[in-house]
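Structure file upload-v2.cif (mmCIF, C-alpha atoms) is printed below.
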```cif
data_start
#
loop_
_atom_site.group_PDB
_atom_site.id
_atom_site.type_symbol
_atom_site.label_atom_id
_atom_site.label_comp_id
_atom_site.auth_asym_id
_atom_site.auth_seq_id
_atom_site.Cartn_x
_atom_site.Cartn_y
_atom_site.Cartn_z
ATOM 1 C CA ALA A 1 6.801 -27.659 7.489
ATOM 2 C CA GLU A 2 9.926 -25.898 8.687
ATOM 3 C CA LYS A 3 9.741 -22.107 8.474
ATOM 4 C CA GLN A 4 11.839 -20.598 5.727
ATOM 5 C CA PRO A 5 14.038 -17.600 6.603
ATOM 6 C CA LEU A 6 13.180 -14.317 4.954
ATOM 7 C CA PRO A 7 15.478 -13.325 2.089
ATOM 8 C CA PRO A 8 17.703 -10.317 2.927
ATOM 9 C CA GLY A 9 15.882 -8.181 0.341
ATOM 10 C CA LEU A 10 12.563 -8.320 2.138
ATOM 11 C CA ARG A 11 14.084 -8.363 5.612
ATOM 12 C CA SER A 12 15.624 -4.981 4.928
ATOM 13 C CA GLU A 13 12.278 -3.518 3.870
ATOM 14 C CA ALA A 14 9.652 -5.174 6.038
ATOM 15 C CA LEU A 15 9.085 -7.204 9.141
ATOM 16 C CA PRO A 16 7.526 -10.648 8.634
ATOM 17 C CA LEU A 17 3.850 -10.894 9.499
ATOM 18 C CA ARG A 18 4.314 -13.378 12.289
ATOM 19 C CA ALA A 19 3.387 -12.922 15.927
ATOM 20 C CA ASP A 20 6.490 -14.722 17.168
ATOM 21 C CA ARG A 21 8.896 -12.241 15.568
ATOM 22 C CA ALA A 22 10.153 -8.973 17.007
ATOM 23 C CA ALA A 23 7.795 -5.994 16.926
ATOM 24 C CA ALA A 24 8.530 -2.912 14.887
ATOM 25 C CA THR A 25 9.890 0.257 16.445
ATOM 26 C CA PRO A 26 6.927 2.275 17.793
ATOM 27 C CA ARG A 27 5.900 5.265 15.720
ATOM 28 C CA LYS A 28 6.873 8.683 17.030
ATOM 29 C CA ARG A 29 5.134 12.010 16.673
ATOM 30 C CA PHE A 30 6.646 14.681 14.473
ATOM 31 C CA SER A 31 6.317 18.434 14.878
ATOM 32 C CA ALA A 32 5.680 19.985 11.482
ATOM 33 C CA THR A 33 8.002 22.825 12.465
ATOM 34 C CA THR A 34 10.962 20.565 13.218
ATOM 35 C CA ALA A 35 12.228 18.677 10.206
ATOM 36 C CA SER A 36 14.738 16.573 12.114
ATOM 37 C CA GLU A 37 12.156 14.797 14.273
ATOM 38 C CA GLU A 38 10.502 11.578 13.183
ATOM 39 C CA GLY A 39 6.874 10.565 13.378
ATOM 40 C CA GLU A 40 3.399 11.916 12.736
ATOM 41 C CA PRO A 41 2.903 15.634 12.042
ATOM 42 C CA ASP A 42 1.024 17.597 14.687
ATOM 43 C CA GLY A 43 -2.492 18.759 13.890
ATOM 44 C CA MET A 44 -2.988 16.231 11.114
ATOM 45 C CA PHE A 45 -6.416 14.961 12.184
ATOM 46 C CA LEU A 46 -8.033 18.410 12.410
ATOM 47 C CA GLY A 47 -6.132 19.676 9.387
ATOM 48 C CA LEU A 48 -7.673 16.924 7.266
ATOM 49 C CA LEU A 49 -11.091 17.029 8.882
ATOM 50 C CA LEU A 50 -11.429 20.795 8.393
ATOM 51 C CA ASN A 51 -9.661 20.857 5.016
ATOM 52 C CA ASP A 52 -7.042 23.330 6.216
ATOM 53 C CA SER A 53 -6.226 25.470 3.186
ATOM 54 C CA SER A 54 -3.279 27.287 4.759
ATOM 55 C CA ALA A 55 0.205 26.850 3.339
ATOM 56 C CA ALA A 56 1.874 23.481 3.802
ATOM 57 C CA SER A 57 4.788 23.397 6.223
ATOM 58 C CA PRO A 58 8.140 23.570 4.398
ATOM 59 C CA ALA A 59 9.528 21.165 6.992
ATOM 60 C CA LEU A 60 6.815 18.622 6.238
ATOM 61 C CA LEU A 61 7.281 19.049 2.483
ATOM 62 C CA GLN A 62 10.956 18.242 2.949
ATOM 63 C CA ARG A 63 10.020 15.203 4.994
ATOM 64 C CA ILE A 64 7.772 14.074 2.162
ATOM 65 C CA LYS A 65 10.601 14.483 -0.357
ATOM 66 C CA ASP A 66 12.940 12.463 1.858
ATOM 67 C CA HIS A 67 10.440 9.753 2.853
ATOM 68 C CA ARG A 68 11.513 6.169 2.173
ATOM 69 C CA TRP A 69 8.218 5.523 0.341
ATOM 70 C CA THR A 70 7.776 8.823 -1.463
ATOM 71 C CA PHE A 71 6.485 8.778 -5.036
ATOM 72 C CA LYS A 72 6.652 10.921 -8.168
ATOM 73 C CA ASP A 73 5.327 14.473 -7.566
ATOM 74 C CA ALA A 74 4.293 13.659 -3.988
ATOM 75 C CA ALA A 75 5.754 16.935 -2.725
ATOM 76 C CA GLY A 76 4.136 18.846 -5.580
ATOM 77 C CA ILE A 77 0.681 17.548 -4.672
ATOM 78 C CA ALA A 78 1.361 18.133 -0.979
ATOM 79 C CA SER A 79 2.373 21.752 -1.582
ATOM 80 C CA GLN A 80 -1.209 22.715 -2.525
ATOM 81 C CA SER A 81 -2.214 23.191 1.116
ATOM 82 C CA ARG A 82 -1.697 21.951 4.642
ATOM 83 C CA ALA A 83 -4.543 19.439 4.224
ATOM 84 C CA PHE A 84 -3.055 18.099 0.999
ATOM 85 C CA SER A 85 0.310 17.664 2.704
ATOM 86 C CA PHE A 86 -1.353 15.640 5.463
ATOM 87 C CA LEU A 87 -3.138 13.421 2.923
ATOM 88 C CA ILE A 88 0.135 12.695 1.138
ATOM 89 C CA TRP A 89 1.889 12.028 4.426
ATOM 90 C CA CYS A 90 -0.820 9.496 5.311
ATOM 91 C CA LEU A 91 -0.287 7.711 1.989
ATOM 92 C CA LEU A 92 3.461 7.556 2.571
ATOM 93 C CA ASP A 93 3.087 6.422 6.153
ATOM 94 C CA LEU A 94 0.531 3.829 5.058
ATOM 95 C CA GLN A 95 3.124 2.175 2.826
ATOM 96 C CA ARG A 96 5.703 2.291 5.580
ATOM 97 C CA ASN A 97 3.354 0.740 8.139
ATOM 98 C CA VAL A 98 2.113 -1.992 5.793
ATOM 99 C CA GLN A 99 5.702 -3.037 5.169
ATOM 100 C CA MET A 100 7.166 -2.558 8.627
ATOM 101 C CA GLU A 101 4.451 -3.146 11.237
ATOM 102 C CA ALA A 102 2.646 -6.458 11.442
ATOM 103 C CA ASP A 103 0.194 -5.975 14.285
ATOM 104 C CA ASP A 104 -0.853 -2.311 14.418
ATOM 105 C CA ASP A 105 -3.385 -0.637 12.173
ATOM 106 C CA ALA A 106 -1.656 0.276 8.930
ATOM 107 C CA LEU A 107 -3.140 3.742 9.467
ATOM 108 C CA ASP A 108 -4.945 5.101 12.511
ATOM 109 C CA PRO A 109 -8.709 4.668 11.883
ATOM 110 C CA LYS A 110 -9.234 8.302 12.912
ATOM 111 C CA LEU A 111 -6.840 9.406 10.199
ATOM 112 C CA VAL A 112 -8.550 7.161 7.649
ATOM 113 C CA SER A 113 -11.838 8.879 8.494
ATOM 114 C CA ALA A 114 -10.215 12.307 8.378
ATOM 115 C CA CYS A 115 -8.669 11.603 4.966
ATOM 116 C CA ARG A 116 -12.068 10.464 3.707
ATOM 117 C CA ALA A 117 -13.657 13.641 5.077
ATOM 118 C CA PHE A 118 -11.047 15.757 3.304
ATOM 119 C CA ILE A 119 -11.720 14.003 -0.009
ATOM 120 C CA GLY A 120 -15.455 14.489 0.521
ATOM 121 C CA SER A 121 -14.875 18.173 1.176
ATOM 122 C CA GLU A 122 -12.901 18.517 -2.039
ATOM 123 C CA GLY A 123 -15.718 16.698 -3.836
ATOM 124 C CA ARG A 124 -18.266 19.206 -2.595
ATOM 125 C CA HIS A 125 -16.130 21.858 -4.285
ATOM 126 C CA GLY A 126 -16.335 19.999 -7.585
ATOM 127 C CA LYS A 127 -12.907 18.367 -7.345
ATOM 128 C CA MET A 128 -13.736 14.661 -7.297
ATOM 129 C CA ALA A 129 -11.921 14.231 -10.615
ATOM 130 C CA ASP A 130 -8.794 15.671 -8.999
ATOM 131 C CA MET A 131 -9.163 13.253 -6.097
ATOM 132 C CA TYR A 132 -9.506 10.294 -8.434
ATOM 133 C CA HIS A 133 -6.430 11.473 -10.305
ATOM 134 C CA ILE A 134 -4.428 11.679 -7.062
ATOM 135 C CA PHE A 135 -5.555 8.178 -6.111
ATOM 136 C CA SER A 136 -4.686 6.661 -9.497
ATOM 137 C CA HIS A 137 -1.406 8.579 -9.624
ATOM 138 C CA PHE A 138 -0.453 7.221 -6.216
ATOM 139 C CA ILE A 139 -1.304 3.659 -7.235
ATOM 140 C CA SER A 140 0.682 3.953 -10.459
ATOM 141 C CA ASN A 141 3.770 5.379 -8.758
ATOM 142 C CA SER A 142 3.678 3.736 -5.337
ATOM 143 C CA VAL A 143 7.021 2.258 -4.293
ATOM 144 C CA ILE A 144 5.404 -0.605 -2.422
ATOM 145 C CA PHE A 145 4.283 -2.401 -5.594
ATOM 146 C CA HIS A 146 7.834 -2.241 -6.944
ATOM 147 C CA GLU A 147 9.117 -3.803 -3.728
ATOM 148 C CA TRP A 148 6.562 -6.591 -3.867
ATOM 149 C CA ASP A 149 7.269 -7.280 -7.536
ATOM 150 C CA ARG A 150 11.011 -7.470 -6.903
ATOM 151 C CA TYR A 151 10.544 -9.768 -3.913
ATOM 152 C CA LEU A 152 8.194 -12.097 -5.802
ATOM 153 C CA ARG A 153 10.502 -12.291 -8.816
ATOM 154 C CA VAL A 154 13.397 -13.327 -6.608
ATOM 155 C CA SER A 155 11.174 -15.909 -4.914
ATOM 156 C CA PHE A 156 9.855 -17.420 -8.151
ATOM 157 C CA GLU A 157 13.323 -17.494 -9.702
ATOM 158 C CA ASP A 158 14.647 -19.529 -6.791
ATOM 159 C CA PRO A 159 15.234 -23.233 -7.616
ATOM 160 C CA LYS A 160 13.058 -24.137 -4.622
ATOM 161 C CA ALA A 161 10.059 -22.226 -6.023
ATOM 162 C CA CYS A 162 8.572 -25.576 -7.115
ATOM 163 C CA GLN A 163 8.176 -26.502 -3.442
ATOM 164 C CA GLU A 164 4.973 -25.354 -1.745
ATOM 165 C CA ALA A 165 6.694 -25.196 1.652
ATOM 166 C CA PHE A 166 9.174 -22.681 0.223
ATOM 167 C CA LEU A 167 6.824 -20.605 -1.931
ATOM 168 C CA VAL A 168 3.700 -20.195 0.183
ATOM 169 C CA PRO A 169 5.333 -18.336 3.111
ATOM 170 C CA ARG A 170 6.766 -15.858 0.603
ATOM 171 C CA LEU A 171 3.427 -15.365 -1.101
ATOM 172 C CA GLU A 172 1.876 -14.814 2.296
ATOM 173 C CA GLN A 173 4.332 -12.006 3.041
ATOM 174 C CA VAL A 174 3.000 -10.071 0.045
ATOM 175 C CA TRP A 175 -0.632 -11.203 0.029
ATOM 176 C CA LEU A 176 -1.367 -10.191 3.624
ATOM 177 C CA ARG A 177 0.275 -6.821 3.118
ATOM 178 C CA PHE A 178 -1.661 -6.234 -0.082
ATOM 179 C CA LYS A 179 -4.974 -6.919 1.657
ATOM 180 C CA ARG A 180 -4.109 -4.424 4.392
ATOM 181 C CA LEU A 181 -3.142 -1.776 1.844
ATOM 182 C CA ARG A 182 -6.282 -2.283 -0.254
ATOM 183 C CA ALA A 183 -8.577 -2.089 2.773
ATOM 184 C CA ILE A 184 -7.124 1.234 3.925
ATOM 185 C CA LEU A 185 -7.185 2.746 0.435
ATOM 186 C CA GLU A 186 -10.844 1.754 0.120
ATOM 187 C CA GLY A 187 -11.449 3.412 3.480
ATOM 188 C CA ILE A 188 -9.769 6.645 2.375
ATOM 189 C CA PHE A 189 -10.980 6.916 -1.212
ATOM 190 C CA GLY A 190 -14.195 4.888 -1.050
ATOM 191 C CA ASP A 191 -16.487 7.850 -1.725
ATOM 192 C CA LEU A 192 -15.024 8.051 -5.220
ATOM 193 C CA ASN A 193 -16.960 4.884 -6.058
ATOM 194 C CA THR A 194 -20.398 6.423 -5.589
ATOM 195 C CA ARG A 195 -19.642 10.066 -6.291
ATOM 196 C CA PHE A 196 -17.398 9.851 -9.335
ATOM 197 C CA ALA A 197 -16.214 6.499 -10.704
ATOM 198 C CA TRP A 198 -19.596 5.023 -11.640
ATOM 199 C CA LYS A 199 -20.683 8.197 -13.438
ATOM 200 C CA HIS A 200 -17.660 8.051 -15.692
ATOM 201 C CA GLN A 201 -17.449 4.262 -16.005
ATOM 202 C CA LEU A 202 -14.088 4.213 -14.262
ATOM 203 C CA PRO A 203 -12.811 1.344 -12.070
ATOM 204 C CA GLN A 204 -13.853 1.473 -8.447
ATOM 205 C CA VAL A 205 -11.137 2.005 -5.863
ATOM 206 C CA GLY A 206 -10.723 -1.607 -4.780
ATOM 207 C CA ASP A 207 -10.893 -2.852 -8.365
ATOM 208 C CA LEU A 208 -8.190 -0.439 -9.526
ATOM 209 C CA VAL A 209 -5.870 -1.438 -6.674
ATOM 210 C CA HIS A 210 -6.520 -5.105 -7.423
ATOM 211 C CA GLU A 211 -5.903 -4.757 -11.158
ATOM 212 C CA HIS A 212 -2.721 -2.788 -10.588
ATOM 213 C CA MET A 213 -1.480 -5.494 -8.229
ATOM 214 C CA ARG A 214 -2.220 -8.137 -10.854
ATOM 215 C CA ARG A 215 -0.385 -6.262 -13.602
ATOM 216 C CA ARG A 216 2.584 -5.217 -11.494
ATOM 217 C CA CYS A 217 3.166 -8.360 -9.458
ATOM 218 C CA PHE A 218 1.275 -11.354 -10.889
ATOM 219 C CA SER A 219 1.353 -11.083 -14.683
ATOM 220 C CA SER A 220 4.709 -12.667 -15.515
ATOM 221 C CA GLU A 221 5.126 -15.971 -17.330
ATOM 222 C CA LEU A 222 7.476 -16.967 -14.531
ATOM 223 C CA ILE A 223 4.502 -17.157 -12.169
ATOM 224 C CA ALA A 224 2.106 -18.675 -14.703
ATOM 225 C CA ARG A 225 4.531 -21.545 -15.399
ATOM 226 C CA ASN A 226 5.281 -22.244 -11.758
ATOM 227 C CA GLU A 227 4.614 -25.864 -10.787
ATOM 228 C CA VAL A 228 2.915 -24.946 -7.531
ATOM 229 C CA PHE A 229 0.509 -22.592 -9.324
ATOM 230 C CA GLN A 230 -0.294 -25.242 -11.925
ATOM 231 C CA GLN A 231 -1.398 -27.835 -9.387
ATOM 232 C CA ALA A 232 -5.005 -28.907 -9.908
ATOM 233 C CA ILE A 233 -5.645 -29.584 -6.207
ATOM 234 C CA ILE A 234 -4.452 -27.039 -3.667
ATOM 235 C CA LYS A 235 -5.019 -27.261 0.065
ATOM 236 C CA ASP A 236 -3.217 -24.143 1.287
ATOM 237 C CA GLU A 237 -5.701 -21.294 1.802
ATOM 238 C CA THR A 238 -3.292 -18.473 0.911
ATOM 239 C CA LEU A 239 -2.369 -20.134 -2.354
ATOM 240 C CA LYS A 240 -6.055 -20.678 -3.161
ATOM 241 C CA GLN A 241 -6.828 -17.020 -2.534
ATOM 242 C CA VAL A 242 -3.930 -15.745 -4.636
ATOM 243 C CA LYS A 243 -4.750 -18.043 -7.564
ATOM 244 C CA LEU A 244 -8.410 -17.089 -7.504
ATOM 245 C CA ALA A 245 -7.697 -13.377 -7.098
ATOM 246 C CA PHE A 246 -5.304 -13.087 -10.017
ATOM 247 C CA GLY A 247 -6.796 -15.576 -12.439
ATOM 248 C CA PHE A 248 -4.538 -18.613 -12.167
ATOM 249 C CA GLY A 249 -6.533 -21.751 -12.869
#
```

Before anything else, please render the file you have as structure tokens.
Amino acid sequence: AEKQPLPPGLRSEALPLRADRAAATPRKRFSATTASEEGEPDGMFLGLLLNDSSAASPALLQRIKDHRWTFKDAAGIASQSRAFSFLIWCLLDLQRNVQMEADDDALDPKLVSACRAFIGSEGRHGKMADMYHIFSHFISNSVIFHEWDRYLRVSFEDPKACQEAFLVPRLEQVWLRFKRLRAILEGIFGDLNTRFAWKHQLPQVGDLVHEHMRRRCFSSELIARNEVFQQAIIKDETLKQVKLAFGFG
């Protein structure tokens, strides 16, 4: 089937996940003392790994406030310490990379490990409940789910949404990104599953991300009534996965 062009709405927010398209602009490093520079803050890996409790950089806090994918009270959480500011920056950069970069890791594996170590350190100080709250707060207020919901609504409202060749590439744009986001969040917050969630009968990390995705992006009647989703026999693997994941048929 002929490839469908990306709608302007998604093109302005994210690169398509296709190897034959242009690559994203490489990430730059950012000095936490220089607010005008772009990229990753210096000292982030060690700051997270060692749970640096010194004051967060005002320059980095401003960067967090101005970030394209910032969320409600992100700067407030980040202001607790240098390590907290690095954790929040990683969550913001994760959204950016999931949307904008198709081939690279959505977050450097070393930073994923460092974020997990920071959360473990907070847990050893009796703050696992706070960490779970930060995770759930991020999920509930993350910009990326709003972008996906808006993109899917436009796609399903299109007159061509009854055509599999039109709809599946658009579902793929969101589905592949969602899987990348969920995997990294499980890598960062996974210790909450064994050290907090099960004790309090709360959803595990992956389950909470999945359920939020279902409610935010796949719960409308517009999707449930779609002809492609109502087909009894489906050959496309992406469509099969999405239907199974979110309870369609």

Find, counting all atoms listed in the file, the residue in A:Ser220, A:Ser142, A:Asn193, A:Thr238 that gets nearest to Glu172 in chain A.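 Residue with the minimum atom-to-atom distance to Glu172 in chain A: A:Thr238.
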
Nearest to Glu211 in chain A, restricted to only C-alpha atoms and choosing among A:Leu181, A:Leu92, A:Ile233, A:Ala245, comes out as A:Ala245

Could you state which residues are captured by the PyMOL selection byres ((chain A and resi 162) around 6) in this file, as a list of chain:residue names? A:Lys160, A:Ala161, A:Gln163, A:Glu227, A:Val228

Applying the PyMOL selection byres ((chain A and resi 106) around 9) to the file I just gave you, which residues come out? Please list them as a list in words.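 Taken on the displayed file, the PyMOL selection byres ((chain A and resi 106) around 9) yields the residues Asp93, Leu94, Gln95, Arg96, Asn97, Val98, Gln99, Glu101, Ala102, Asp103, Asp104, Asp105, Leu107, Asp108, Pro109, Arg180, Leu181 and Ile184 of chain A.
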
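If only C-alpha atoms are the atoms counted, then among A:Met100, A:Leu176, A:Cys115, A:Leu192 the closest residue to Met44 in chain A is A:Cys115.
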
So how far away is CA of Ala75 in chain A from CA of Gly47 in chain A, in Å? 17.2 Å

Given the point (4.7, 9.4, -11.3) in the file's coordinates, find the residues that have an atom at most 12 Å from it, counting all atoms listed in the file, and give them as a list in words.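 So the residues meeting the distance criterion are Thr70, Phe71, Lys72, Asp73, Ala74, Ala75, Gly76, Ile77, His133, Ile134, Phe135, Ser136, His137, Phe138, Ile139, Ser140, Asn141, Ser142 and Val143 of chain A.
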
Selection export as an mmCIF file, keeping the file's coordinate frame, atoms kept: C-alpha atoms:
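This is the output file out.cif:
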```cif
data_model
loop_
_atom_site.group_PDB
_atom_site.id
_atom_site.type_symbol
_atom_site.label_atom_id
_atom_site.label_comp_id
_atom_site.auth_asym_id
_atom_site.auth_seq_id
_atom_site.Cartn_x
_atom_site.Cartn_y
_atom_site.Cartn_z
ATOM 1 C CA THR A 70 7.776 8.823 -1.463
ATOM 2 C CA PHE A 71 6.485 8.778 -5.036
ATOM 3 C CA LYS A 72 6.652 10.921 -8.168
ATOM 4 C CA ASP A 73 5.327 14.473 -7.566
ATOM 5 C CA ALA A 74 4.293 13.659 -3.988
ATOM 6 C CA ALA A 75 5.754 16.935 -2.725
ATOM 7 C CA GLY A 76 4.136 18.846 -5.580
ATOM 8 C CA ILE A 77 0.681 17.548 -4.672
ATOM 9 C CA HIS A 133 -6.430 11.473 -10.305
ATOM 10 C CA ILE A 134 -4.428 11.679 -7.062
ATOM 11 C CA PHE A 135 -5.555 8.178 -6.111
ATOM 12 C CA SER A 136 -4.686 6.661 -9.497
ATOM 13 C CA HIS A 137 -1.406 8.579 -9.624
ATOM 14 C CA PHE A 138 -0.453 7.221 -6.216
ATOM 15 C CA ILE A 139 -1.304 3.659 -7.235
ATOM 16 C CA SER A 140 0.682 3.953 -10.459
ATOM 17 C CA ASN A 141 3.770 5.379 -8.758
ATOM 18 C CA SER A 142 3.678 3.736 -5.337
ATOM 19 C CA VAL A 143 7.021 2.258 -4.293
#
```

Output check: residues returned by the PyMOL selection byres ((chain A and resi 167) around 10), as a list in words: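 What the PyMOL selection byres ((chain A and resi 167) around 10) grabs from the file is Gln4, Leu152, Ser155, Phe156, Asp158, Lys160, Ala161, Cys162, Gln163, Glu164, Ala165, Phe166, Val168, Pro169, Arg170, Leu171, Glu172, Val228, Phe229 and Leu239 of chain A.
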
Just the residues within 10 Å of Ser79 in chain A, please, counting all atoms listed in the file, with nothing from its chain fewer than 5 positions along; format it as an mmCIF file with C-alpha atoms, in the coordinates of the input.
```cif
data_model
loop_
_atom_site.group_PDB
_atom_site.id
_atom_site.type_symbol
_atom_site.label_atom_id
_atom_site.label_comp_id
_atom_site.auth_asym_id
_atom_site.auth_seq_id
_atom_site.Cartn_x
_atom_site.Cartn_y
_atom_site.Cartn_z
ATOM 1 C CA ALA A 55 0.205 26.850 3.339
ATOM 2 C CA ALA A 56 1.874 23.481 3.802
ATOM 3 C CA SER A 57 4.788 23.397 6.223
ATOM 4 C CA PRO A 58 8.140 23.570 4.398
ATOM 5 C CA LEU A 60 6.815 18.622 6.238
ATOM 6 C CA LEU A 61 7.281 19.049 2.483
ATOM 7 C CA ASP A 73 5.327 14.473 -7.566
ATOM 8 C CA ALA A 74 4.293 13.659 -3.988
ATOM 9 C CA PHE A 84 -3.055 18.099 0.999
ATOM 10 C CA SER A 85 0.310 17.664 2.704
ATOM 11 C CA ILE A 88 0.135 12.695 1.138
#
```

His210 in chain A: which residues within 12 Å, counting only C-alpha atoms, same-chain residues fewer than 3 positions away excluded, as a PyMOL selection string? chain A and resi 139-140+145+175+178-179+181-183+185-186+203-207+213-218+242+245-247

Please compute the CA of Phe118 in chain A-CA of Gly43 in chain A distance, one decimal, in Å.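 Taking CA of Phe118 in chain A as the start and CA of Gly43 in chain A as the end point, the length is 13.9 Å.
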
Extract range 106-128 of chain A from the structure I just pasted (atoms: N, CA and C atoms) and return it as an mmCIF file, in the first residue's frame.
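Here's the written file decode.cif:
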```cif
data_model
loop_
_atom_site.group_PDB
_atom_site.id
_atom_site.type_symbol
_atom_site.label_atom_id
_atom_site.label_comp_id
_atom_site.auth_asym_id
_atom_site.auth_seq_id
_atom_site.Cartn_x
_atom_site.Cartn_y
_atom_site.Cartn_z
ATOM 1 N N ALA A 106 15.436 6.190 23.784
ATOM 2 C CA ALA A 106 14.602 7.302 24.237
ATOM 3 C C ALA A 106 15.229 7.993 25.440
ATOM 4 N N LEU A 107 16.033 7.254 26.193
ATOM 5 C CA LEU A 107 16.823 7.823 27.286
ATOM 6 C C LEU A 107 18.054 6.954 27.446
ATOM 7 N N ASP A 108 19.203 7.592 27.604
ATOM 8 C CA ASP A 108 20.462 6.872 27.758
ATOM 9 C C ASP A 108 20.311 5.790 28.842
ATOM 10 N N PRO A 109 20.654 4.535 28.528
ATOM 11 C CA PRO A 109 20.523 3.463 29.525
ATOM 12 C C PRO A 109 21.232 3.767 30.847
ATOM 13 N N LYS A 110 22.353 4.499 30.778
ATOM 14 C CA LYS A 110 23.046 4.870 32.014
ATOM 15 C C LYS A 110 22.181 5.798 32.863
ATOM 16 N N LEU A 111 21.462 6.689 32.208
ATOM 17 C CA LEU A 111 20.593 7.594 32.947
ATOM 18 C C LEU A 111 19.374 6.866 33.499
ATOM 19 N N VAL A 112 18.869 5.890 32.748
ATOM 20 C CA VAL A 112 17.768 5.067 33.268
ATOM 21 C C VAL A 112 18.205 4.380 34.552
ATOM 22 N N SER A 113 19.397 3.800 34.539
ATOM 23 C CA SER A 113 19.921 3.127 35.733
ATOM 24 C C SER A 113 20.142 4.110 36.864
ATOM 25 N N ALA A 114 20.640 5.295 36.539
ATOM 26 C CA ALA A 114 20.891 6.302 37.570
ATOM 27 C C ALA A 114 19.589 6.797 38.189
ATOM 28 N N CYS A 115 18.565 6.993 37.364
ATOM 29 C CA CYS A 115 17.251 7.389 37.882
ATOM 30 C C CYS A 115 16.700 6.312 38.813
ATOM 31 N N ARG A 116 16.871 5.061 38.418
ATOM 32 C CA ARG A 116 16.383 3.948 39.239
ATOM 33 C C ARG A 116 17.139 3.904 40.564
ATOM 34 N N ALA A 117 18.445 4.175 40.511
ATOM 35 C CA ALA A 117 19.246 4.196 41.738
ATOM 36 C C ALA A 117 18.793 5.325 42.657
ATOM 37 N N PHE A 118 18.486 6.475 42.089
ATOM 38 C CA PHE A 118 17.997 7.594 42.888
ATOM 39 C C PHE A 118 16.684 7.239 43.584
ATOM 40 N N ILE A 119 15.768 6.627 42.847
ATOM 41 C CA ILE A 119 14.480 6.238 43.433
ATOM 42 C C ILE A 119 14.688 5.192 44.525
ATOM 43 N N GLY A 120 15.621 4.269 44.307
ATOM 44 C CA GLY A 120 15.939 3.287 45.338
ATOM 45 C C GLY A 120 16.507 3.940 46.584
ATOM 46 N N SER A 121 17.349 4.952 46.376
ATOM 47 C CA SER A 121 17.919 5.676 47.508
ATOM 48 C C SER A 121 16.839 6.385 48.313
ATOM 49 N N GLU A 122 15.911 7.019 47.620
ATOM 50 C CA GLU A 122 14.796 7.666 48.307
ATOM 51 C C GLU A 122 13.959 6.630 49.066
ATOM 52 N N GLY A 123 13.798 5.446 48.466
ATOM 53 C CA GLY A 123 13.048 4.389 49.127
ATOM 54 C C GLY A 123 13.697 3.932 50.416
ATOM 55 N N ARG A 124 15.021 3.883 50.423
ATOM 56 C CA ARG A 124 15.722 3.475 51.644
ATOM 57 C C ARG A 124 15.555 4.495 52.758
ATOM 58 N N HIS A 125 15.154 5.709 52.393
ATOM 59 C CA HIS A 125 14.868 6.745 53.384
ATOM 60 C C HIS A 125 13.370 6.832 53.681
ATOM 61 N N GLY A 126 12.638 5.787 53.303
ATOM 62 C CA GLY A 126 11.221 5.733 53.619
ATOM 63 C C GLY A 126 10.336 6.593 52.744
ATOM 64 N N LYS A 127 10.778 6.874 51.505
ATOM 65 C CA LYS A 127 10.035 7.794 50.650
ATOM 66 C C LYS A 127 9.498 7.132 49.379
ATOM 67 N N MET A 128 9.260 5.831 49.432
ATOM 68 C CA MET A 128 8.722 5.153 48.258
ATOM 69 C C MET A 128 7.336 5.679 47.890
#
```
